[in-house]
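*Asks:* My structure is stored as final15.txt, with compact mmCIF, C-alpha atoms and all ligand atoms.
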```txt
# COMPACT_ATOMS: atom_id res chain seq x y z
CA MET L 1 -17.55 59.84 24.28
CA GLU L 2 -14.43 61.67 25.36
CA HIS L 3 -14.37 65.38 26.08
CA ALA L 4 -12.32 67.92 24.11
CA ASP L 5 -12.16 71.69 24.58
CA LEU L 6 -11.98 72.32 20.85
CA LEU L 7 -12.50 70.28 17.71
CA LEU L 8 -11.38 71.27 14.21
CA LEU L 9 -13.48 69.17 11.84
CA HIS L 10 -13.81 68.46 8.11
CA ALA L 11 -10.51 70.07 7.07
CA LYS L 12 -9.84 69.40 3.41
CA GLN L 13 -6.26 68.70 4.46
CA VAL L 14 -4.45 68.44 7.75
CA ALA L 15 -0.74 68.86 7.03
CA THR L 16 0.58 67.37 10.27
CA CYS L 17 4.34 67.57 9.58
CA ALA L 18 4.43 64.55 11.92
CA GLY L 19 6.94 61.71 11.73
CA VAL L 20 10.71 61.41 11.74
CA ALA L 21 12.24 64.69 12.87
CA PRO L 22 14.07 66.80 12.17
CA ARG L 23 13.26 66.04 8.56
CA ARG L 24 16.06 65.41 6.06
CA GLY L 25 16.43 64.58 2.37
CA ALA L 26 13.44 62.89 0.75
CA ASP L 27 11.47 63.04 4.04
CA MET L 28 11.31 66.84 3.61
CA LYS L 29 8.82 66.22 0.78
CA SER L 30 6.24 64.69 3.13
CA VAL L 31 3.99 66.86 5.29
CA GLY L 32 2.06 63.90 6.74
CA LEU L 33 -1.15 64.79 4.94
CA ILE L 34 -4.54 63.64 6.23
CA GLU L 35 -7.46 64.28 3.87
CA LYS L 36 -10.83 65.19 5.44
CA GLY L 37 -8.98 65.55 8.70
CA ALA L 38 -9.75 66.65 12.23
CA VAL L 39 -7.85 67.71 15.34
CA ALA L 40 -9.01 67.46 18.95
CA VAL L 41 -7.58 69.80 21.59
CA ARG L 42 -7.71 69.44 25.36
CA GLY L 43 -5.91 71.42 28.05
CA GLY L 44 -3.97 73.40 25.44
CA CYS L 45 -2.54 70.25 23.86
CA ILE L 46 -3.37 68.07 20.88
CA THR L 47 -5.27 65.05 22.12
CA ALA L 48 -6.15 63.43 18.78
CA VAL L 49 -5.58 63.89 15.06
CA GLY L 50 -6.99 61.80 12.23
CA PRO L 51 -9.85 61.46 9.74
CA THR L 52 -12.92 63.48 10.78
CA ALA L 53 -15.09 60.34 10.64
CA LYS L 54 -12.96 58.73 13.38
CA ILE L 55 -12.59 61.81 15.58
CA VAL L 56 -16.35 62.60 15.71
CA GLU L 57 -17.05 59.02 16.82
CA LYS L 58 -14.87 59.52 19.85
CA TYR L 59 -14.98 63.21 20.89
CA GLN L 60 -17.51 65.76 22.02
CA ALA L 61 -16.34 69.33 22.45
CA ASP L 62 -17.28 72.65 24.01
CA GLN L 63 -16.41 74.36 20.77
CA THR L 64 -16.07 73.15 17.20
CA ILE L 65 -14.75 74.85 14.12
CA ASP L 66 -15.95 73.68 10.75
CA CYS L 67 -12.88 73.68 8.49
CA THR L 68 -14.69 72.61 5.33
CA GLY L 69 -12.71 73.74 2.29
CA LYS L 70 -9.72 74.74 4.41
CA ALA L 71 -6.36 73.26 5.31
CA VAL L 72 -4.94 72.98 8.82
CA CYS L 73 -1.21 73.01 9.57
CA PRO L 74 1.11 73.55 12.55
CA GLY L 75 1.77 77.10 13.75
CA PHE L 76 4.94 78.44 12.15
CA VAL L 77 8.15 78.55 14.17
CA ASP L 78 10.53 81.45 13.48
CA PRO L 79 13.91 80.25 14.81
CA HIS L 80 16.04 83.35 14.10
CA THR L 81 14.87 86.90 14.86
CA HIS L 82 16.13 90.27 16.03
CA VAL L 83 12.61 91.53 16.71
CA VAL L 84 13.64 93.69 19.70
CA PHE L 85 15.31 96.93 18.52
CA GLY L 86 15.08 100.70 18.74
CA GLY L 87 14.73 103.06 15.75
CA ASP L 88 14.74 101.96 12.13
CA ARG L 89 17.10 102.04 9.13
CA ALA L 90 14.84 103.20 6.30
CA GLY L 91 17.61 105.61 5.26
CA GLU L 92 20.01 102.70 4.70
CA PHE L 93 17.34 101.00 2.60
CA GLU L 94 17.58 103.94 0.18
CA LEU L 95 21.39 103.89 0.29
CA ARG L 96 21.39 100.21 -0.63
CA ILE L 97 18.97 100.79 -3.51
CA LYS L 98 21.43 103.41 -4.78
CA GLY L 99 24.25 100.86 -4.67
CA ALA L 100 25.88 100.85 -1.22
CA SER L 101 26.48 97.36 0.14
CA TYR L 102 25.50 96.09 3.60
CA LEU L 103 29.16 95.66 4.60
CA GLU L 104 30.12 99.13 3.25
CA ILE L 105 27.35 100.71 5.33
CA MET L 106 28.51 98.73 8.35
CA ALA L 107 32.16 99.75 7.85
CA ALA L 108 31.09 103.41 7.61
CA GLY L 109 29.47 103.30 11.08
CA GLY L 110 25.91 102.48 10.00
CA GLY L 111 24.22 99.11 10.11
CA ILE L 112 24.08 97.20 13.38
CA VAL L 113 25.86 99.90 15.42
CA SER L 114 23.30 102.52 14.44
CA THR L 115 20.55 100.26 15.79
CA VAL L 116 22.72 99.78 18.90
CA ARG L 117 22.62 103.55 19.45
CA HIS L 118 18.83 103.69 19.22
CA THR L 119 18.37 100.57 21.34
CA ARG L 120 20.64 101.89 24.11
CA GLU L 121 18.56 105.09 24.15
CA SER L 122 15.25 103.19 24.44
CA SER L 123 13.58 102.20 27.69
CA VAL L 124 12.54 98.64 28.50
CA GLU L 125 8.94 99.75 28.21
CA ASP L 126 9.37 101.28 24.74
CA LEU L 127 11.25 98.23 23.47
CA VAL L 128 8.56 95.89 24.83
CA THR L 129 5.81 97.97 23.21
CA SER L 130 7.43 98.15 19.78
CA ALA L 131 8.46 94.47 19.76
CA ALA L 132 5.02 93.33 20.97
CA ARG L 133 3.46 95.17 18.04
CA ARG L 134 5.78 93.34 15.65
CA LEU L 135 5.04 90.02 17.35
CA ASP L 136 1.31 90.70 16.92
CA GLY L 137 1.90 91.04 13.19
CA MET L 138 3.93 87.82 13.10
CA LEU L 139 1.27 85.93 15.07
CA ALA L 140 -1.43 87.09 12.65
CA LEU L 141 0.74 85.68 9.84
CA GLY L 142 0.82 82.31 11.61
CA THR L 143 3.99 82.41 13.71
CA THR L 144 3.27 80.91 17.14
CA THR L 145 6.86 80.37 18.37
CA VAL L 146 9.71 82.88 18.07
CA GLU L 147 13.38 82.90 18.96
CA ILE L 148 14.58 86.43 19.89
CA LYS L 149 18.22 87.56 20.02
CA THR L 150 19.91 90.32 21.98
CA GLY L 151 22.82 91.95 20.13
CA TYR L 152 21.78 95.61 19.94
CA GLY L 153 22.98 96.42 23.47
CA LEU L 154 26.65 95.42 23.16
CA ASP L 155 27.49 96.40 26.71
CA THR L 156 26.63 94.47 29.83
CA ALA L 157 23.81 96.75 31.02
CA ASN L 158 22.14 97.02 27.63
CA GLU L 159 22.46 93.31 26.77
CA LEU L 160 20.77 92.56 30.10
CA LYS L 161 18.15 95.20 29.29
CA MET L 162 17.39 93.37 26.04
CA LEU L 163 17.09 90.06 27.93
CA ARG L 164 14.62 91.68 30.33
CA VAL L 165 12.62 92.94 27.34
CA ILE L 166 12.55 89.42 25.89
CA GLU L 167 11.42 88.03 29.26
CA GLN L 168 8.66 90.63 29.53
CA LEU L 169 7.47 89.72 26.02
CA ALA L 170 7.36 86.05 27.05
CA LEU L 171 5.15 87.03 29.99
CA GLU L 172 2.79 89.23 27.99
CA HIS L 173 2.61 87.78 24.50
CA PRO L 174 0.79 84.63 23.40
CA CYS L 175 3.76 83.46 21.26
CA THR L 176 6.19 80.99 22.82
CA ILE L 177 9.47 82.91 23.06
CA VAL L 178 13.00 81.53 23.25
CA PRO L 179 15.95 83.81 24.16
CA THR L 180 19.40 83.98 22.56
CA PHE L 181 22.37 85.96 23.89
CA LEU L 182 24.13 87.64 20.95
CA GLY L 183 26.60 89.88 22.78
CA ALA L 184 29.04 89.13 19.95
CA HIS L 185 26.87 90.60 17.18
CA THR L 186 29.51 93.13 16.20
CA VAL L 187 32.19 95.24 17.87
CA PRO L 188 30.64 98.40 19.39
CA VAL L 189 32.23 101.76 18.48
CA GLU L 190 33.89 102.20 21.89
CA TYR L 191 35.88 98.98 21.28
CA LYS L 192 36.48 99.55 17.58
CA GLN L 193 40.25 99.39 17.83
CA ASP L 194 40.26 96.42 20.19
CA THR L 195 38.13 93.45 19.23
CA GLU L 196 40.09 91.24 21.64
CA ARG L 197 39.14 93.42 24.59
CA TYR L 198 35.49 93.29 23.51
CA ILE L 199 35.61 89.49 23.28
CA ARG L 200 36.92 89.42 26.83
CA LEU L 201 34.07 91.69 27.92
CA VAL L 202 31.56 89.30 26.33
CA ILE L 203 33.12 86.20 27.88
CA ASP L 204 34.30 87.47 31.28
CA ASP L 205 31.77 90.18 32.08
CA MET L 206 28.56 89.76 30.11
CA LEU L 207 28.27 85.98 30.14
CA PRO L 208 28.41 85.57 33.96
CA GLU L 209 25.75 88.29 34.31
CA VAL L 210 23.64 86.71 31.58
CA MET L 211 23.80 83.36 33.39
CA LYS L 212 22.73 85.00 36.66
CA TRP L 213 19.81 86.60 34.86
CA TYR L 214 18.86 83.33 33.14
CA GLU L 215 18.93 81.24 36.30
CA ALA L 216 16.46 83.61 37.97
CA SER L 217 14.38 84.08 34.82
CA LEU L 218 11.00 82.88 33.71
CA PHE L 219 12.72 80.90 30.94
CA SER L 220 14.77 78.78 33.29
CA SER L 221 11.71 78.15 35.49
CA ARG L 222 9.73 77.08 32.41
CA GLY L 223 12.56 74.84 31.13
CA VAL L 224 13.09 77.03 28.03
CA PRO L 225 16.73 76.87 26.87
CA LEU L 226 19.01 79.88 26.43
CA PHE L 227 21.18 80.02 23.32
CA ILE L 228 24.43 81.79 22.52
CA ASP L 229 25.08 83.20 19.06
CA VAL L 230 27.90 85.03 17.25
CA PHE L 231 28.26 86.85 13.90
CA CYS L 232 31.25 85.22 12.18
CA GLU L 233 32.05 87.74 9.43
CA ASP L 234 34.28 90.60 8.29
CA HIS L 235 33.71 93.65 10.52
CA ALA L 236 32.45 91.26 13.21
CA PHE L 237 34.33 88.17 14.53
CA ASP L 238 36.72 85.72 12.92
CA VAL L 239 36.51 81.94 13.32
CA ASP L 240 38.84 81.78 16.32
CA GLN L 241 37.05 84.61 18.14
CA SER L 242 33.66 83.10 17.29
CA ARG L 243 34.77 79.70 18.59
CA ARG L 244 35.93 81.21 21.88
CA VAL L 245 32.61 83.00 22.42
CA LEU L 246 30.53 79.93 21.61
CA GLN L 247 32.76 77.62 23.68
CA ALA L 248 32.43 79.94 26.68
CA GLY L 249 28.64 79.66 26.38
CA ILE L 250 28.75 75.89 25.89
CA ASP L 251 30.93 75.57 29.00
CA ARG L 252 28.09 77.20 30.92
CA GLY L 253 25.48 74.87 29.46
CA LEU L 254 24.16 77.06 26.62
CA LYS L 255 23.45 75.73 23.15
CA ALA L 256 25.30 77.38 20.28
CA LYS L 257 23.99 79.09 17.18
CA ILE L 258 26.00 80.98 14.57
CA HIS L 259 25.55 83.65 11.87
CA VAL L 260 27.96 82.26 9.30
CA ASP L 261 28.95 82.51 5.62
CA GLN L 262 26.67 85.47 4.91
CA PHE L 263 29.24 87.29 2.76
CA ASN L 264 32.59 85.58 3.38
CA ARG L 265 33.55 81.98 4.01
CA PHE L 266 36.20 81.40 6.67
CA GLY L 267 35.45 77.84 7.81
CA GLY L 268 32.92 78.86 10.45
CA VAL L 269 30.52 76.08 9.47
CA THR L 270 33.09 73.37 10.21
CA MET L 271 33.92 75.06 13.52
CA ALA L 272 30.22 75.27 14.47
CA VAL L 273 29.63 71.61 13.60
CA GLU L 274 32.69 70.63 15.68
CA LEU L 275 31.17 72.49 18.62
CA GLY L 276 27.85 70.69 18.11
CA ALA L 277 25.95 73.92 17.32
CA ILE L 278 22.19 73.44 17.22
CA SER L 279 21.97 75.58 14.07
CA ALA L 280 24.10 77.38 11.49
CA ASP L 281 22.28 80.31 9.94
CA HIS L 282 22.66 82.38 6.69
CA LEU L 283 24.97 80.05 4.64
CA GLU L 284 24.82 82.18 1.47
CA VAL L 285 28.41 81.40 0.45
CA THR L 286 28.82 77.95 2.02
CA ASP L 287 30.63 75.63 -0.40
CA GLN L 288 29.87 72.01 -1.28
CA ILE L 289 32.38 70.61 1.21
CA GLU L 290 30.77 72.42 4.14
CA ILE L 291 27.29 71.57 2.82
CA GLU L 292 28.36 67.93 3.20
CA THR L 293 29.73 68.70 6.67
CA LEU L 294 26.31 70.07 7.65
CA ALA L 295 24.53 67.13 6.03
CA GLN L 296 26.52 64.69 8.13
CA SER L 297 25.91 66.61 11.35
CA LYS L 298 22.99 67.26 13.65
CA THR L 299 23.37 71.02 13.15
CA ILE L 300 20.27 72.48 11.50
CA ALA L 301 21.04 74.52 8.39
CA THR L 302 18.94 77.69 8.44
CA PRO L 303 18.91 79.87 5.31
CA LEU L 304 17.37 83.33 5.74
CA PRO L 305 16.11 84.21 2.26
CA ALA L 306 14.29 87.42 3.24
CA VAL L 307 17.79 88.87 3.79
CA ASN L 308 18.87 88.19 0.22
CA PHE L 309 15.56 89.44 -1.14
CA ASN L 310 15.88 92.66 0.85
CA LEU L 311 19.57 93.21 0.11
CA GLY L 312 18.79 92.71 -3.58
CA ALA L 313 21.47 90.04 -3.59
CA HIS L 314 21.56 87.14 -5.98
CA ALA L 315 23.54 84.98 -3.56
CA TYR L 316 20.87 82.91 -1.88
CA ALA L 317 21.95 80.00 0.30
CA ASP L 318 21.90 76.72 -1.61
CA ALA L 319 18.87 75.39 0.26
CA ARG L 320 18.16 72.91 -2.54
CA GLY L 321 21.70 71.55 -2.32
CA LEU L 322 21.45 71.35 1.47
CA VAL L 323 18.22 69.33 1.32
CA ASP L 324 19.57 67.07 -1.43
CA ALA L 325 22.79 66.46 0.52
CA GLY L 326 20.69 65.34 3.50
CA ALA L 327 20.99 68.33 5.83
CA ALA L 328 18.10 69.16 8.16
CA VAL L 329 16.98 72.54 6.78
CA ALA L 330 14.93 75.17 8.63
CA LEU L 331 13.78 78.63 7.51
CA ALA L 332 13.50 81.87 9.50
CA THR L 333 12.62 85.51 8.81
CA ASP L 334 15.69 87.01 10.58
CA ILE L 335 13.37 89.99 11.16
CA ASN L 336 15.60 92.99 11.96
CA PRO L 337 15.74 96.69 11.01
CA GLY L 338 18.65 96.29 8.57
CA SER L 339 18.97 93.20 6.45
CA ALA L 340 15.42 91.81 6.79
CA PRO L 341 12.54 94.00 7.99
CA CYS L 342 10.20 91.08 7.34
CA PRO L 343 7.72 89.54 9.79
CA SER L 344 6.28 86.96 7.40
CA MET L 345 7.12 83.25 7.46
CA PRO L 346 4.73 82.69 4.49
CA LEU L 347 6.72 85.22 2.44
CA VAL L 348 10.00 83.59 3.50
CA MET L 349 8.62 80.23 2.33
CA ALA L 350 7.54 81.80 -0.97
CA ILE L 351 11.03 83.24 -1.56
CA ALA L 352 12.60 79.88 -0.61
CA CYS L 353 10.38 78.14 -3.17
CA ARG L 354 11.11 80.49 -6.05
CA PHE L 355 14.74 81.50 -5.41
CA GLN L 356 16.02 78.37 -3.66
CA SER L 357 13.90 75.74 -5.43
CA LEU L 358 12.33 74.26 -2.31
CA LEU L 359 9.00 72.56 -2.87
CA PRO L 360 6.08 73.85 -0.78
CA ALA L 361 6.22 70.70 1.38
CA GLU L 362 9.93 71.22 2.04
CA ALA L 363 9.37 74.88 2.88
CA LEU L 364 6.53 74.00 5.27
CA ASN L 365 8.62 71.39 7.11
CA ALA L 366 11.48 73.90 7.24
CA GLY L 367 9.22 76.55 8.80
CA THR L 368 7.55 74.24 11.33
CA ILE L 369 9.04 70.99 12.61
CA ASN L 370 12.66 71.62 11.58
CA ALA L 371 12.49 75.19 12.86
CA ALA L 372 11.22 73.88 16.21
CA HIS L 373 14.26 71.57 16.37
CA ALA L 374 16.53 74.52 15.58
CA ILE L 375 15.49 76.08 18.91
CA GLY L 376 15.33 72.90 20.97
CA LEU L 377 11.53 72.73 21.08
CA GLY L 378 11.03 69.86 18.63
CA ASP L 379 9.26 67.77 21.24
CA GLN L 380 6.77 70.53 22.11
CA THR L 381 5.67 72.23 18.89
CA GLY L 382 6.18 72.31 15.10
CA SER L 383 3.88 69.41 14.19
CA ILE L 384 0.35 68.20 14.81
CA GLU L 385 0.98 65.19 17.02
CA VAL L 386 -0.74 63.94 20.16
CA GLY L 387 0.79 65.48 23.28
CA LYS L 388 2.24 68.55 21.58
CA GLN L 389 1.06 72.13 22.20
CA ALA L 390 -2.07 72.91 20.20
CA ASP L 391 -0.35 75.49 17.98
CA LEU L 392 -2.51 75.28 14.87
CA LEU L 393 -3.37 77.32 11.80
CA ILE L 394 -6.56 77.19 9.79
CA LEU L 395 -5.70 78.39 6.30
CA LYS L 396 -7.99 80.34 3.99
CA GLU L 397 -7.58 77.70 1.27
CA GLY L 398 -7.84 73.91 1.29
CA ASP L 399 -4.32 73.24 0.01
CA TYR L 400 -1.19 73.90 2.12
CA ARG L 401 0.70 74.74 -1.09
CA HIS L 402 -1.15 78.07 -1.13
CA ILE L 403 1.11 79.22 1.75
CA PRO L 404 4.03 79.95 -0.61
CA TYR L 405 2.07 79.92 -3.89
CA PHE L 406 -0.37 82.77 -3.26
CA PHE L 407 2.29 85.09 -1.92
CA GLY L 408 2.38 88.57 -0.47
CA GLY L 409 -0.82 88.38 1.54
CA ASN L 410 -1.85 86.37 4.56
CA PRO L 411 -2.81 82.75 3.87
CA VAL L 412 -3.86 82.26 7.51
CA GLU L 413 -7.48 82.61 8.57
CA THR L 414 -7.34 81.54 12.22
CA VAL L 415 -4.42 81.14 14.61
CA ILE L 416 -4.72 78.79 17.59
CA LYS L 417 -2.00 79.05 20.24
CA ASN L 418 -1.89 76.55 23.11
CA GLY L 419 -5.49 75.65 22.25
CA HIS L 420 -6.76 79.25 22.31
CA ILE L 421 -7.99 81.10 19.26
CA VAL L 422 -5.94 84.26 18.79
CA GLY L 423 -6.74 85.09 15.15
CA GLU L 424 -10.04 86.10 13.60
CA PRO L 425 -12.17 83.00 13.94
CA HIS L 426 -15.28 81.74 12.26
CA VAL L 427 -16.38 79.85 15.30
CA ARG L 428 -19.54 77.85 15.62
CA SER L 429 -20.41 76.98 19.19
CA LYS L 430 -22.11 73.67 19.68
O1 LIG P 1 21.21 88.13 10.59
N1 LIG P 1 24.10 89.49 9.99
C1 LIG P 1 24.03 89.90 11.14
N2 LIG P 1 22.91 90.15 11.84
C2 LIG P 1 21.62 90.33 11.24
C3 LIG P 1 21.43 91.70 10.74
C4 LIG P 1 21.29 92.64 11.83
C5 LIG P 1 21.17 94.06 11.37
O2 LIG P 1 21.50 94.41 10.23
O3 LIG P 1 20.74 94.85 12.24
C6 LIG P 1 21.37 89.28 10.19
O4 LIG P 1 21.28 89.55 8.98
FE FE P 2 20.39 87.42 12.19
```
How does the structure come out when it is put into structure tokens?
Ligand code: NIG
Ligand code: FE

*Replies:*
Amino acid sequence: MEHADLLLLHAKQVATCAGVAPRRGADMKSVGLIEKGAVAVRGGCITAVGPTAKIVEKYQADQTIDCTGKAVCPGFVDPHTHVVFGGDRAGEFELRIKGASYLEIMAAGGGIVSTVRHTRESSVEDLVTSAARRLDGMLALGTTTVEIKTGYGLDTANELKMLRVIEQLALEHPCTIVPTFLGAHTVPVEYKQDTERYIRLVIDDMLPEVMKWYEASLFSSRGVPLFIDVFCEDHAFDVDQSRRVLQAGIDRGLKAKIHVDQFNRFGGVTMAVELGAISADHLEVTDQIEIETLAQSKTIATPLPAVNFNLGAHAYADARGLVDAGAAVALATDINPGSAPCPSMPLVMAIACRFQSLLPAEALNAGTINAAHAIGLGDQTGSIEVGKQADLLILKEGDYRHIPYFFGGNPVETVIKNGHIVGEPHVRSK
């Protein structure tokens, strides 16, 4: 018999999300289901997955969990978040209910720049504490890997402060954390009349400092990539400015991401694909031509439906069209204090199913294996495959479709991160 640290046995279903990845087209409908399945974990990694009958013949473990009547799936990956921020924008929530639009609030000096004010005023310690609390909530809802953006500092010192907060979270929190530099989130008030000068600050001043920080950081020593992102939109940056910011990051070895086509379409998708961006996110107003462009590229299309739900907008990204065209589609919460104060990947999947016509299997692949590819970790997490991190969820029900179907609560009973139980377990020691 071989030794395992942990065995999950007798699961009604194991939705492995294993196979060709990232998933596209018809492959999005397969979650690699194993009935009466089991998973063996050793040294924090998955060492075997298959029918329970086969696994029990081969493995003995220190600890077993009886998953009778329950489904097991990969930990969720949230590939687009702004989970580090100071203050909140509950007042804007009321303004939007009364009819103000997100862009109107932004143009009037609210929105992102108001969070910038609060974030600049906050200490590293306070930002770590508040973000860790949010990450705890996300982990309990099944998210085991999280990308986190800067973008509420918008000057060199405060962008670096945000990066240090993200690094501290990676040290302290069980979630795997991946950093993204979003110095070009919007133009801060002190540069309002001079976007060009701000772009130069981002490229010539912030980026060299960010690279210095990264090279000495925990992320670089762990081989975790750093991404660069930009908000290509009215009141933020046009296509040419966005291209220059992303290209400057690419020239220094960073991988590009983009906020694009949220409200206005300027051709940013085509630009991002030309630059080989790892993901293009939002995509609410992307047209058929650029959907095809995405489908023929390696860039992962990442709709953020909690934003549209929260903004009360009817313009959801055409996730159905993206899948049907053959794009690799991921989902993310975009958790932030303005457009999406939402920690829940299960709720995002539920909204994607009902408002974007994804099937539960497509939504699960989008929130696991494809999301892992959208942050460059597709070979480490996002599916239940031998050799990957043991990032596993035991669901309360025996059917993975309950994740989006029974919405608004928490479908996750137990969270296992790197082989360790971090949720509320029903553990039976041998
Ligand atoms: O992805 N659109 C730009 N950035 C965020 C919102 C950030 C904010 O409103 O604070 C987004 O929706
Ligand atoms: Fe965002």

*Asks:* If the limit is 7 Å from any atom of ligand LIG 1 (chain P), counting only C-alpha atoms and all ligand atoms, which residues qualify? Return them as a PDB file with C-alpha atoms, keeping the file's coordinate frame.

*Replies:*
```
ATOM      1  CA  GLY L 111      24.220  99.110  10.110  1.00  0.00           C
ATOM      2  CA  ILE L 112      24.080  97.200  13.380  1.00  0.00           C
ATOM      3  CA  THR L 115      20.550 100.260  15.790  1.00  0.00           C
ATOM      4  CA  HIS L 185      26.870  90.600  17.180  1.00  0.00           C
ATOM      5  CA  PHE L 231      28.260  86.850  13.900  1.00  0.00           C
ATOM      6  CA  HIS L 259      25.550  83.650  11.870  1.00  0.00           C
ATOM      7  CA  GLN L 262      26.670  85.470   4.910  1.00  0.00           C
ATOM      8  CA  VAL L 307      17.790  88.870   3.790  1.00  0.00           C
ATOM      9  CA  ASP L 334      15.690  87.010  10.580  1.00  0.00           C
ATOM     10  CA  ASN L 336      15.600  92.990  11.960  1.00  0.00           C
ATOM     11  CA  PRO L 337      15.740  96.690  11.010  1.00  0.00           C
ATOM     12  CA  GLY L 338      18.650  96.290   8.570  1.00  0.00           C
ATOM     13  CA  SER L 339      18.970  93.200   6.450  1.00  0.00           C
ATOM     14  CA  ALA L 340      15.420  91.810   6.790  1.00  0.00           C
TER      15      ALA L 340
END
```

*Asks:* Atom CA of Lys255 of chain L and atom CA of Phe181 of chain L are how many Å apart?

*Replies:*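 So the two atoms, atom CA of Lys255 of chain L and atom CA of Phe181 of chain L, lie 10.3 Å apart.
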
*Asks:* For segment 386-390 of chain L, please output as number ranges by chain all residues within 12 Å (counting only C-alpha atoms; exclusion window: fewer than 5 positions along the same chain).

*Replies:* L: 5-8, 16, 18-19, 39-50, 72-75, 144-145, 175-176, 369, 372, 377-381, 415-421

*Asks:* Counting all atoms listed in the file, which residue out of L:Asp27, L:Asp155, L:Asp66, L:Glu147 sits closest to ligand FE 2 (chain P)?

*Replies:*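 Going through L:Asp27, L:Asp155, L:Asp66, L:Glu147 one by one, the smallest distance to ligand FE 2 (chain P) is for L:Glu147.
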
*Asks:* As an exercise, work out the distance from atom CA of Glu397 of chain L to atom CA of Ala11 of chain L in Å and give it to one decimal place.

*Replies:*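 Between these atoms lies a distance of 10.0 Å.
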
*Asks:* Which of these, L:Arg120, L:His282, L:Arg24, L:Arg244, has the shortest distance to Thr333 of chain L once you count all atoms listed in the file?

*Replies:* L:His282

*Asks:* Please identify all polymer residues within 8 Å of Glu167 of chain L, counting all atoms listed in the file, omitting same-chain residues fewer than 3 positions from it, and present them as JSON, numbers by chain.

*Replies:* {"L": [163, 164, 170, 171, 217, 218, 219]}

*Asks:* Could you check the closest approach to Ala277 of chain L for each of L:Gly376, L:Gly223, L:Ala315, L:Met345 and tell me which residue wins, using all atoms listed in the file?

*Replies:*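 Of the candidates, the smallest distance to Ala277 of chain L is held by L:Gly376.
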
*Asks:* Tell me which of L:Glu274, L:Glu57, L:Asp324, L:Asp281 sits closest to ligand FE 2 (chain P), counting only C-alpha atoms and all ligand atoms.

*Replies:*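 Of L:Glu274, L:Glu57, L:Asp324, L:Asp281, the one nearest ligand FE 2 (chain P) is L:Asp281, counting only C-alpha atoms and all ligand atoms.
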
*Asks:* Within 7 Å of Ile34 of chain L, counting all atoms listed in the file, which residues show up once you throw out same-chain ones fewer than 5 positions away? Write them as a list in words, please.

*Replies:* Gln13, Val14, Ala15, Gly50 and Pro51 of chain L

*Asks:* Please save C-alpha atoms of the selected residues as a PDB file, in the frame of the given file.

*Replies:*
```pdb
ATOM      1  CA  GLN L  13      -6.260  68.700   4.460  1.00  0.00           C
ATOM      2  CA  VAL L  14      -4.450  68.440   7.750  1.00  0.00           C
ATOM      3  CA  ALA L  15      -0.740  68.860   7.030  1.00  0.00           C
ATOM      4  CA  GLY L  50      -6.990  61.800  12.230  1.00  0.00           C
ATOM      5  CA  PRO L  51      -9.850  61.460   9.740  1.00  0.00           C
TER       6      PRO L  51
END
```

*Asks:* Go through L:Gly99, L:Gly321, L:Gly398, L:Gly267 one by one, measure the shortest atom-to-atom distance of each to Val239 of chain L using all atoms listed in the file, and give the residue with the smallest value.

*Replies:*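 Nearest candidate to Val239 of chain L out of L:Gly99, L:Gly321, L:Gly398, L:Gly267: L:Gly267.
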
*Asks:* When you count only C-alpha atoms and all ligand atoms, which of these residues is closest to ligand FE 2 (chain P): L:Ile335, L:Val285, L:Leu201, L:Val20?

*Replies:* L:Ile335

*Asks:* Kindly give the distance, in Å, that separates atom CA of Leu283 of chain L and atom CA of Pro22 of chain L, rounded to a single decimal.

*Replies:*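 Rounded to one decimal, the two atoms are 18.7 Å apart.
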
*Asks:* Near Val245 of chain L, counting all atoms listed in the file, which residues have an atom at most 10 Å away, once you skip same-chain residues fewer than 2 positions from it, shown as a CSV table (one decimal) with C-alpha atoms, keeping the file's coordinate frame?

*Replies:*
```csv
chain,number,residue,atom,x,y,z
L,182,LEU,CA,24.1,87.6,21.0
L,183,GLY,CA,26.6,89.9,22.8
L,184,ALA,CA,29.0,89.1,20.0
L,199,ILE,CA,35.6,89.5,23.3
L,200,ARG,CA,36.9,89.4,26.8
L,202,VAL,CA,31.6,89.3,26.3
L,203,ILE,CA,33.1,86.2,27.9
L,207,LEU,CA,28.3,86.0,30.1
L,228,ILE,CA,24.4,81.8,22.5
L,229,ASP,CA,25.1,83.2,19.1
L,230,VAL,CA,27.9,85.0,17.2
L,237,PHE,CA,34.3,88.2,14.5
L,239,VAL,CA,36.5,81.9,13.3
L,240,ASP,CA,38.8,81.8,16.3
L,241,GLN,CA,37.0,84.6,18.1
L,242,SER,CA,33.7,83.1,17.3
L,243,ARG,CA,34.8,79.7,18.6
L,247,GLN,CA,32.8,77.6,23.7
L,248,ALA,CA,32.4,79.9,26.7
L,249,GLY,CA,28.6,79.7,26.4
L,250,ILE,CA,28.8,75.9,25.9
L,256,ALA,CA,25.3,77.4,20.3
```
